[in-house]
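So the structure is just underneath, and the comments pick up after that.
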Amino acid sequence: MGRLKFSANLGFLWSDLPLPEAIRAAKVAGFDAVECHWPYGYAAQDVKTALLETGLPMLGLNTSRGDADGMGLSALPDRVPEARAAVDQAIAYAAEIGAANVHVMAGFAEGDAARECFVQNLSYACAEAFRHNITVLIEPINRYDAPGYFLQTTDQAISVMDEVGAANLKLMFDCYHVQRMEGAVTQRLERLLPRIGHIQFASVPDRGPPDQGELNYDYIFSHIADLGYKAPLGAEYKPIGHTDDTLRWLVRAR
C-alpha cells in the first residue's frame with residue numbers, strides 16, 4: 001500500500017479549540033490536510049493565516065445549517081433565496097481561504113418538488129463555484145442519524161448529479177453513512193470512484209475512531225490506495241475523549 005494522506009475534519013476533531021488553533025493542532029498531529037463544517041464564526045483571514053502557517057490545505061466546508069437544528073436549505077422549495085444566499089456565503093468564504101470544495105447541504109425534505117429544487121440550486125451553485133475553480137459536493141446522510149434528510153443513498157446522489165450535469169459536481173462518499181444505509185463499501189467505492197470528490201470515514205455504528213466497529217479500515221484504506229486514489233481521506237469521527245488520544249489509527253496507517 002502506498003502512503004495514504006489524511007485530512008482532519010475539524011467539525012469533530014479538536015472541536016474544543018477555535019478553528020485556527022484546531023488547524024495548528026492537526027498539523028502537529030501529522031495530518032496532511034483539514035476540512036470543516038461551518039467556519040463562519042471565524043474571520044476568514046484568521047483561518048487563512050493558520051493554513052498558511054501550517055501549509056495545510058483546507059479541503060472543504062459546508063453551506064450553513066439554515067436553522068439551529070437544520071441540515072441545509074437547498075432542497076426546500078419555500079426557501080430558495082436563503083439557500084442561494086448560503087451557497088454564495090460558502091463559495092465566497094471558500095474562495096477567500098483557498099478551499100477546494102463546498103458541500104451543498106440539502107436539508108430535511110422529500111418528494112418531487114424537493115428534488116427539483118435541489119437540482120436547480122445545485123445548478124446555481126455549480127455555476128457560481130466554477131468561477132472560482134471550486135468543486136461542489138453532495139453527501140448522502142443516513143436516515144438513522146438524520147431522519148428526513150433529503151439525500152440518503154449513493155444511487156439517489158448519482159441520479160441528482162446526472163440531472164444537474166455539471167462537471168464540477170461530485171459525490172462526497174462517507175464510508176460511515178454508506179455502510180449504515182447500503183453496505184458493500186469497497187464495491188461501491190470501486191464503482192463510483194470516477195464520480196467521487198472526497199472520501200470520509202468513521203467507525204460503524206458509533207461514528208467513533210476507525211480502529212473499532214464493524215468496518216475493517218485497514219482493509220478499506222489498502223483498497224482505496226490500490227484503486228489509485230491520491231487525495232486525503234477525511235477523518236470525520238467523534239472522538240472518545242481528547243482527540244489526541246484517539247489517533248492510534250493514524251500512526252498505524254503511516
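Labeling convention for the C-alpha cells: chains A, B, ... as they appear, residues from 1 per chain, ligands from 1 in order of appearance.
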
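Summary of the local environment: counting only C-alpha atoms, residues at most 6 Å from Tyr237 of chain A, other than itself and those fewer than 5 positions away along its chain, are Ala202, Arg207, Gly208 and Pro209 of chain A.
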
Might you pull out every residue within 9 Å of Asn168 of chain A, with only C-alpha atoms counted and same-chain residues fewer than 2 positions away left off, and present them as a PyMOL selection string?
chain A and resi 126-127+129-130+133-137+165-166+170

Please save C-alpha atoms of the selected residues as a short mmCIF file (atom, residue, chain, number, x, y, z; two decimals), in the first residue's frame.
```
data_model
loop_
_atom_site.label_atom_id
_atom_site.label_comp_id
_atom_site.auth_asym_id
_atom_site.auth_seq_id
_atom_site.Cartn_x
_atom_site.Cartn_y
_atom_site.Cartn_z
CA CYS A 126 -22.02 24.76 -9.70
CA ALA A 127 -22.13 27.79 -11.98
CA ALA A 129 -18.37 27.69 -7.92
CA PHE A 130 -16.94 27.24 -11.43
CA ASN A 133 -12.41 26.72 -9.60
CA ILE A 134 -14.33 25.18 -6.68
CA THR A 135 -15.98 21.76 -6.72
CA VAL A 136 -19.49 21.31 -5.33
CA LEU A 137 -20.05 18.17 -3.24
CA GLY A 165 -24.95 17.58 -15.47
CA ALA A 166 -22.18 19.82 -14.12
CA LYS A 170 -19.01 15.40 -7.24
#
```

Going by DSSP on the backbone, which bits of segment 113-181 of chain A are strand (DSSP E or B)? Write them as number ranges by chain, please.
A: 135-138, 149, 169-174

Would you write out, as JSON lines, a table of all residues in segment 122-204 of chain A that have an atom no more than 12 Å from an atom of segment 92-115 of chain A, listing for each the closest atom pair and the distance in Å to one decimal, considering only C-alpha atoms and ordering rows by chain and rising residue number?
```
{"residue": "A:Leu122", "atom": "CA", "partner": "A:Val104", "partner_atom": "CA", "distance": 7.5}
{"residue": "A:Ser123", "atom": "CA", "partner": "A:Val104", "partner_atom": "CA", "distance": 11.0}
{"residue": "A:Tyr124", "atom": "CA", "partner": "A:Val104", "partner_atom": "CA", "distance": 10.9}
{"residue": "A:Ala125", "atom": "CA", "partner": "A:Val104", "partner_atom": "CA", "distance": 7.9}
{"residue": "A:Cys126", "atom": "CA", "partner": "A:Val102", "partner_atom": "CA", "distance": 9.7}
{"residue": "A:Glu128", "atom": "CA", "partner": "A:Ala92", "partner_atom": "CA", "distance": 9.6}
{"residue": "A:Ala129", "atom": "CA", "partner": "A:Val102", "partner_atom": "CA", "distance": 8.3}
{"residue": "A:Phe130", "atom": "CA", "partner": "A:Asn101", "partner_atom": "CA", "distance": 10.8}
{"residue": "A:Arg131", "atom": "CA", "partner": "A:Ala95", "partner_atom": "CA", "distance": 9.8}
{"residue": "A:His132", "atom": "CA", "partner": "A:Ala95", "partner_atom": "CA", "distance": 6.4}
{"residue": "A:Asn133", "atom": "CA", "partner": "A:Ala100", "partner_atom": "CA", "distance": 7.7}
{"residue": "A:Ile134", "atom": "CA", "partner": "A:Ala100", "partner_atom": "CA", "distance": 5.3}
{"residue": "A:Thr135", "atom": "CA", "partner": "A:Asn101", "partner_atom": "CA", "distance": 4.7}
{"residue": "A:Val136", "atom": "CA", "partner": "A:Val102", "partner_atom": "CA", "distance": 5.0}
{"residue": "A:Leu137", "atom": "CA", "partner": "A:His103", "partner_atom": "CA", "distance": 4.5}
{"residue": "A:Ile138", "atom": "CA", "partner": "A:His103", "partner_atom": "CA", "distance": 5.7}
{"residue": "A:Glu139", "atom": "CA", "partner": "A:His103", "partner_atom": "CA", "distance": 7.5}
{"residue": "A:Pro140", "atom": "CA", "partner": "A:Ala106", "partner_atom": "CA", "distance": 9.4}
{"residue": "A:Ile141", "atom": "CA", "partner": "A:Met105", "partner_atom": "CA", "distance": 10.0}
{"residue": "A:Arg143", "atom": "CA", "partner": "A:Phe108", "partner_atom": "CA", "distance": 10.6}
{"residue": "A:Ala146", "atom": "CA", "partner": "A:Phe108", "partner_atom": "CA", "distance": 8.4}
{"residue": "A:Pro147", "atom": "CA", "partner": "A:Phe108", "partner_atom": "CA", "distance": 8.0}
{"residue": "A:Gly148", "atom": "CA", "partner": "A:Phe108", "partner_atom": "CA", "distance": 5.2}
{"residue": "A:Tyr149", "atom": "CA", "partner": "A:Phe108", "partner_atom": "CA", "distance": 4.3}
{"residue": "A:Phe150", "atom": "CA", "partner": "A:Ala109", "partner_atom": "CA", "distance": 5.0}
{"residue": "A:Leu151", "atom": "CA", "partner": "A:Ala106", "partner_atom": "CA", "distance": 6.8}
{"residue": "A:Gln152", "atom": "CA", "partner": "A:Ala106", "partner_atom": "CA", "distance": 10.2}
{"residue": "A:Gln156", "atom": "CA", "partner": "A:Arg115", "partner_atom": "CA", "distance": 10.0}
{"residue": "A:Ala157", "atom": "CA", "partner": "A:Arg115", "partner_atom": "CA", "distance": 10.6}
{"residue": "A:Ser159", "atom": "CA", "partner": "A:Arg115", "partner_atom": "CA", "distance": 10.3}
{"residue": "A:Val160", "atom": "CA", "partner": "A:Arg115", "partner_atom": "CA", "distance": 7.8}
{"residue": "A:Met161", "atom": "CA", "partner": "A:Arg115", "partner_atom": "CA", "distance": 11.2}
{"residue": "A:Glu163", "atom": "CA", "partner": "A:Arg115", "partner_atom": "CA", "distance": 10.2}
{"residue": "A:Val164", "atom": "CA", "partner": "A:Arg115", "partner_atom": "CA", "distance": 10.9}
{"residue": "A:Asn168", "atom": "CA", "partner": "A:Asn101", "partner_atom": "CA", "distance": 9.5}
{"residue": "A:Leu169", "atom": "CA", "partner": "A:Asn101", "partner_atom": "CA", "distance": 9.6}
{"residue": "A:Lys170", "atom": "CA", "partner": "A:Asn101", "partner_atom": "CA", "distance": 9.4}
{"residue": "A:Leu171", "atom": "CA", "partner": "A:His103", "partner_atom": "CA", "distance": 9.4}
{"residue": "A:Met172", "atom": "CA", "partner": "A:His103", "partner_atom": "CA", "distance": 8.0}
{"residue": "A:Phe173", "atom": "CA", "partner": "A:His103", "partner_atom": "CA", "distance": 11.6}
{"residue": "A:Ile196", "atom": "CA", "partner": "A:Asn101", "partner_atom": "CA", "distance": 12.0}
{"residue": "A:Gly197", "atom": "CA", "partner": "A:Asn101", "partner_atom": "CA", "distance": 8.4}
{"residue": "A:His198", "atom": "CA", "partner": "A:Asn101", "partner_atom": "CA", "distance": 8.8}
```

Please, could you write that set of residues out with N, CA and C atoms as a short mmCIF file (atom, residue, chain, number, x, y, z; two decimals), in the first residue's frame?
```
data_model
loop_
_atom_site.label_atom_id
_atom_site.label_comp_id
_atom_site.auth_asym_id
_atom_site.auth_seq_id
_atom_site.Cartn_x
_atom_site.Cartn_y
_atom_site.Cartn_z
N LEU A 122 -28.45 23.29 -7.05
CA LEU A 122 -27.12 22.76 -7.35
C LEU A 122 -26.60 23.32 -8.68
N SER A 123 -27.47 23.48 -9.65
CA SER A 123 -27.05 24.08 -10.91
C SER A 123 -26.53 25.50 -10.67
N TYR A 124 -27.25 26.24 -9.84
CA TYR A 124 -26.80 27.58 -9.48
C TYR A 124 -25.44 27.52 -8.77
N ALA A 125 -25.32 26.62 -7.79
CA ALA A 125 -24.08 26.50 -7.02
C ALA A 125 -22.90 26.13 -7.92
N CYS A 126 -23.11 25.21 -8.83
CA CYS A 126 -22.02 24.76 -9.70
C CYS A 126 -21.56 25.90 -10.62
N GLU A 128 -21.76 29.14 -9.99
CA GLU A 128 -21.03 30.11 -9.17
C GLU A 128 -19.67 29.57 -8.75
N ALA A 129 -19.62 28.30 -8.37
CA ALA A 129 -18.37 27.69 -7.92
C ALA A 129 -17.35 27.59 -9.06
N PHE A 130 -17.83 27.37 -10.26
CA PHE A 130 -16.94 27.24 -11.43
C PHE A 130 -16.09 28.50 -11.62
N ARG A 131 -16.65 29.63 -11.29
CA ARG A 131 -15.93 30.90 -11.45
C ARG A 131 -14.72 30.98 -10.53
N HIS A 132 -14.71 30.18 -9.47
CA HIS A 132 -13.61 30.18 -8.51
C HIS A 132 -12.83 28.87 -8.52
N ASN A 133 -13.08 28.03 -9.51
CA ASN A 133 -12.41 26.72 -9.60
C ASN A 133 -12.68 25.88 -8.35
N ILE A 134 -13.90 25.93 -7.87
CA ILE A 134 -14.33 25.18 -6.68
C ILE A 134 -15.26 24.04 -7.12
N THR A 135 -15.11 22.91 -6.48
CA THR A 135 -15.98 21.76 -6.72
C THR A 135 -17.13 21.76 -5.72
N VAL A 136 -18.31 21.46 -6.19
CA VAL A 136 -19.49 21.31 -5.33
C VAL A 136 -19.64 19.83 -4.99
N LEU A 137 -19.85 19.54 -3.71
CA LEU A 137 -20.05 18.17 -3.24
C LEU A 137 -21.46 18.00 -2.70
N ILE A 138 -22.03 16.80 -2.91
CA ILE A 138 -23.25 16.42 -2.21
C ILE A 138 -22.99 15.10 -1.51
N GLU A 139 -23.61 14.93 -0.35
CA GLU A 139 -23.32 13.77 0.50
C GLU A 139 -24.59 13.08 0.96
N PRO A 140 -24.76 11.81 0.64
CA PRO A 140 -25.85 11.04 1.25
C PRO A 140 -25.59 10.88 2.76
N ILE A 141 -26.62 11.13 3.55
CA ILE A 141 -26.52 11.05 5.01
C ILE A 141 -27.57 10.06 5.50
N ARG A 143 -30.34 7.75 7.36
CA ARG A 143 -31.62 8.14 7.95
C ARG A 143 -31.68 7.93 9.45
N ALA A 146 -29.97 11.27 10.74
CA ALA A 146 -30.68 12.47 10.27
C ALA A 146 -31.98 12.07 9.59
N PRO A 147 -32.97 11.63 10.38
CA PRO A 147 -34.25 11.23 9.79
C PRO A 147 -34.86 12.36 8.96
N GLY A 148 -35.24 12.04 7.73
CA GLY A 148 -35.87 13.04 6.89
C GLY A 148 -34.92 13.84 6.03
N TYR A 149 -33.59 13.59 6.14
CA TYR A 149 -32.67 14.30 5.26
C TYR A 149 -32.96 13.89 3.82
N PHE A 150 -32.93 14.85 2.90
CA PHE A 150 -33.37 14.56 1.54
C PHE A 150 -32.50 13.52 0.84
N LEU A 151 -31.19 13.63 0.96
CA LEU A 151 -30.27 12.78 0.20
C LEU A 151 -29.75 11.67 1.10
N GLN A 152 -30.12 10.42 0.81
CA GLN A 152 -29.82 9.32 1.72
C GLN A 152 -28.96 8.21 1.12
N GLN A 156 -29.25 7.65 -5.26
CA GLN A 156 -30.02 8.90 -5.33
C GLN A 156 -29.11 10.07 -5.69
N ALA A 157 -27.93 10.11 -5.06
CA ALA A 157 -26.99 11.19 -5.34
C ALA A 157 -26.54 11.18 -6.80
N SER A 159 -28.12 9.98 -9.35
CA SER A 159 -29.24 10.40 -10.18
C SER A 159 -29.38 11.91 -10.21
N VAL A 160 -29.24 12.54 -9.05
CA VAL A 160 -29.29 14.00 -8.98
C VAL A 160 -28.13 14.61 -9.77
N MET A 161 -26.94 14.07 -9.59
CA MET A 161 -25.77 14.58 -10.30
C MET A 161 -25.94 14.48 -11.81
N GLU A 163 -28.73 14.54 -13.43
CA GLU A 163 -29.71 15.53 -13.87
C GLU A 163 -29.11 16.93 -13.92
N VAL A 164 -28.27 17.26 -12.95
CA VAL A 164 -27.61 18.58 -12.96
C VAL A 164 -26.64 18.67 -14.13
N ASN A 168 -18.28 20.00 -12.36
CA ASN A 168 -17.71 20.29 -11.03
C ASN A 168 -18.64 19.90 -9.89
N LEU A 169 -19.56 18.97 -10.15
CA LEU A 169 -20.41 18.41 -9.10
C LEU A 169 -19.97 16.97 -8.83
N LYS A 170 -19.56 16.70 -7.59
CA LYS A 170 -19.01 15.40 -7.24
C LYS A 170 -19.70 14.84 -5.99
N LEU A 171 -19.50 13.56 -5.78
CA LEU A 171 -20.06 12.85 -4.64
C LEU A 171 -19.09 12.88 -3.46
N MET A 172 -19.59 13.24 -2.28
CA MET A 172 -18.84 13.04 -1.05
C MET A 172 -19.25 11.67 -0.50
N PHE A 173 -18.30 10.75 -0.52
CA PHE A 173 -18.56 9.35 -0.14
C PHE A 173 -18.06 9.15 1.28
N ILE A 196 -16.51 10.48 -7.46
CA ILE A 196 -16.22 10.88 -6.07
C ILE A 196 -15.28 12.08 -6.03
N GLY A 197 -15.65 13.07 -5.21
CA GLY A 197 -14.80 14.23 -5.00
C GLY A 197 -14.09 14.22 -3.65
N HIS A 198 -14.59 13.42 -2.71
CA HIS A 198 -13.97 13.35 -1.39
C HIS A 198 -14.47 12.10 -0.69
#
```

Exercise: segment 14-30 of chain A partners within 8 Å, only C-alpha atoms, chain neighbours under 6 positions left out, as an MDAnalysis selection string:
chainID A and resid 8 39 42 46:47 49:51 54 56 242:244

Assign secondary structure with DSSP using the backbone only, and return the residues of segment 128-167 of chain A in helix (DSSP H, G or I) as a PyMOL selection string.
chain A and resi 128-130+154-164

Nearby residues (only C-alpha atoms) at most 6 Å from Ser7 of chain A, same-chain spacing under 2 positions excluded, as a PyMOL selection string
chain A and resi 31-34+232-235

Create the file for the chosen residues now, containing C-alpha atoms and written as a tab-separated table (two decimals), in the first residue's frame.
```
chain	number	residue	atom	x	y	z
A	31	PHE	CA	-2.44	15.30	9.21
A	32	ASP	CA	-1.91	16.29	5.57
A	33	ALA	CA	-4.99	18.50	5.23
A	34	VAL	CA	-8.01	19.82	7.10
A	232	PRO	CA	-6.50	12.95	1.51
A	233	LEU	CA	-9.17	10.85	3.23
A	234	GLY	CA	-11.32	12.77	5.68
A	235	ALA	CA	-11.33	11.65	9.33
```

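A straight line drawn from atom CA of Asp211 of chain A to atom CA of Asp174 of chain A is 16.0 Å long.
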
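Straight-line separation from atom CA of Ala43 of chain A to atom CA of Ser64 of chain A: 15.5 Å.
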
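For Leu73 of chain A, the non-local neighbours within 9 Å, defined as residues at least 3 positions apart in the same chain or in other chains and counting only C-alpha atoms, are A:Thr63, A:Ser64, A:Arg65, A:Gly66, A:Asp67, A:Gly70, A:Leu76, A:Pro77, A:Arg79, A:Val80, A:Glu82, A:Ala83, A:Arg84, A:Ala86, A:Val104, A:Met105, A:Ala106, A:Gly107, A:Phe108, A:Phe118.
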
Near Val204 of chain A, counting only C-alpha atoms, which residues have an atom at most 12 Å away, once you skip same-chain residues fewer than 4 positions from it, shown as an mmCIF file with N, CA and C atoms, in the first residue's frame?
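Result file is around.cif:
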```
data_model
loop_
_atom_site.group_PDB
_atom_site.id
_atom_site.type_symbol
_atom_site.label_atom_id
_atom_site.label_comp_id
_atom_site.auth_asym_id
_atom_site.auth_seq_id
_atom_site.Cartn_x
_atom_site.Cartn_y
_atom_site.Cartn_z
ATOM 1 N N ASN A 142 -27.141 9.149 6.373
ATOM 2 C CA ASN A 142 -28.022 8.036 6.742
ATOM 3 C C ASN A 142 -29.245 8.504 7.539
ATOM 4 N N ASP A 145 -29.172 8.795 11.674
ATOM 5 C CA ASP A 145 -28.615 9.998 12.293
ATOM 6 C C ASP A 145 -29.418 11.245 11.946
ATOM 7 N N ASP A 174 -18.986 9.157 2.224
ATOM 8 C CA ASP A 174 -18.634 8.924 3.626
ATOM 9 C C ASP A 174 -18.881 7.442 3.924
ATOM 10 N N CYS A 175 -17.803 6.709 4.172
ATOM 11 C CA CYS A 175 -17.913 5.264 4.405
ATOM 12 C C CYS A 175 -18.886 4.954 5.536
ATOM 13 N N TYR A 176 -18.921 5.805 6.541
ATOM 14 C CA TYR A 176 -19.827 5.603 7.668
ATOM 15 C C TYR A 176 -21.286 5.632 7.215
ATOM 16 N N HIS A 177 -21.665 6.693 6.513
ATOM 17 C CA HIS A 177 -23.050 6.808 6.074
ATOM 18 C C HIS A 177 -23.410 5.714 5.065
ATOM 19 N N VAL A 178 -22.497 5.414 4.154
ATOM 20 C CA VAL A 178 -22.775 4.398 3.140
ATOM 21 C C VAL A 178 -22.970 3.031 3.780
ATOM 22 N N GLN A 179 -22.119 2.693 4.748
ATOM 23 C CA GLN A 179 -22.265 1.404 5.413
ATOM 24 C C GLN A 179 -23.601 1.310 6.152
ATOM 25 N N ARG A 180 -23.997 2.374 6.806
ATOM 26 C CA ARG A 180 -25.243 2.324 7.580
ATOM 27 C C ARG A 180 -26.471 2.217 6.683
ATOM 28 N N MET A 181 -26.408 2.784 5.489
ATOM 29 C CA MET A 181 -27.569 2.784 4.600
ATOM 30 C C MET A 181 -27.545 1.672 3.567
ATOM 31 N N GLY A 183 -24.240 -0.564 2.766
ATOM 32 C CA GLY A 183 -23.232 -1.624 2.835
ATOM 33 C C GLY A 183 -22.390 -1.691 1.573
ATOM 34 N N VAL A 185 -19.194 -1.343 1.006
ATOM 35 C CA VAL A 185 -18.442 -0.095 0.887
ATOM 36 C C VAL A 185 -17.364 -0.176 -0.190
ATOM 37 N N GLY A 208 -17.240 6.546 15.844
ATOM 38 C CA GLY A 208 -16.036 6.840 16.598
ATOM 39 C C GLY A 208 -14.785 6.679 15.745
ATOM 40 N N PRO A 209 -13.612 6.574 16.377
ATOM 41 C CA PRO A 209 -12.361 6.385 15.651
ATOM 42 C C PRO A 209 -12.409 5.116 14.800
ATOM 43 N N PRO A 210 -11.653 5.062 13.713
ATOM 44 C CA PRO A 210 -11.791 3.969 12.749
ATOM 45 C C PRO A 210 -11.119 2.664 13.135
ATOM 46 N N ASP A 211 -10.512 2.593 14.304
ATOM 47 C CA ASP A 211 -9.867 1.348 14.725
ATOM 48 C C ASP A 211 -10.787 0.514 15.618
ATOM 49 N N GLN A 212 -12.095 0.620 15.390
ATOM 50 C CA GLN A 212 -13.097 -0.149 16.132
ATOM 51 C C GLN A 212 -14.312 -0.306 15.236
ATOM 52 N N GLY A 213 -15.286 -1.099 15.682
ATOM 53 C CA GLY A 213 -16.533 -1.207 14.940
ATOM 54 C C GLY A 213 -16.512 -2.279 13.870
ATOM 55 N N GLU A 214 -17.555 -2.293 13.037
ATOM 56 C CA GLU A 214 -17.778 -3.396 12.117
ATOM 57 C C GLU A 214 -17.046 -3.264 10.790
ATOM 58 N N LEU A 215 -16.484 -2.095 10.483
ATOM 59 C CA LEU A 215 -15.716 -1.935 9.250
ATOM 60 C C LEU A 215 -14.223 -2.101 9.540
ATOM 61 N N ASN A 216 -13.536 -2.849 8.671
ATOM 62 C CA ASN A 216 -12.088 -3.052 8.773
ATOM 63 C C ASN A 216 -11.395 -1.982 7.930
ATOM 64 N N TYR A 217 -11.020 -0.891 8.575
ATOM 65 C CA TYR A 217 -10.440 0.214 7.813
ATOM 66 C C TYR A 217 -9.012 -0.072 7.345
ATOM 67 N N TYR A 237 -14.849 11.683 12.455
ATOM 68 C CA TYR A 237 -15.398 10.835 13.512
ATOM 69 C C TYR A 237 -15.490 11.619 14.814
ATOM 70 N N LYS A 238 -16.303 11.078 15.728
ATOM 71 C CA LYS A 238 -16.491 11.717 17.028
ATOM 72 C C LYS A 238 -15.491 11.135 18.022
#
```

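Distances to Met58 of chain A were evaluated for A:Ala253, A:Tyr40, A:Glu35, A:Ile224 using only C-alpha atoms, and the minimum falls at A:Glu35.
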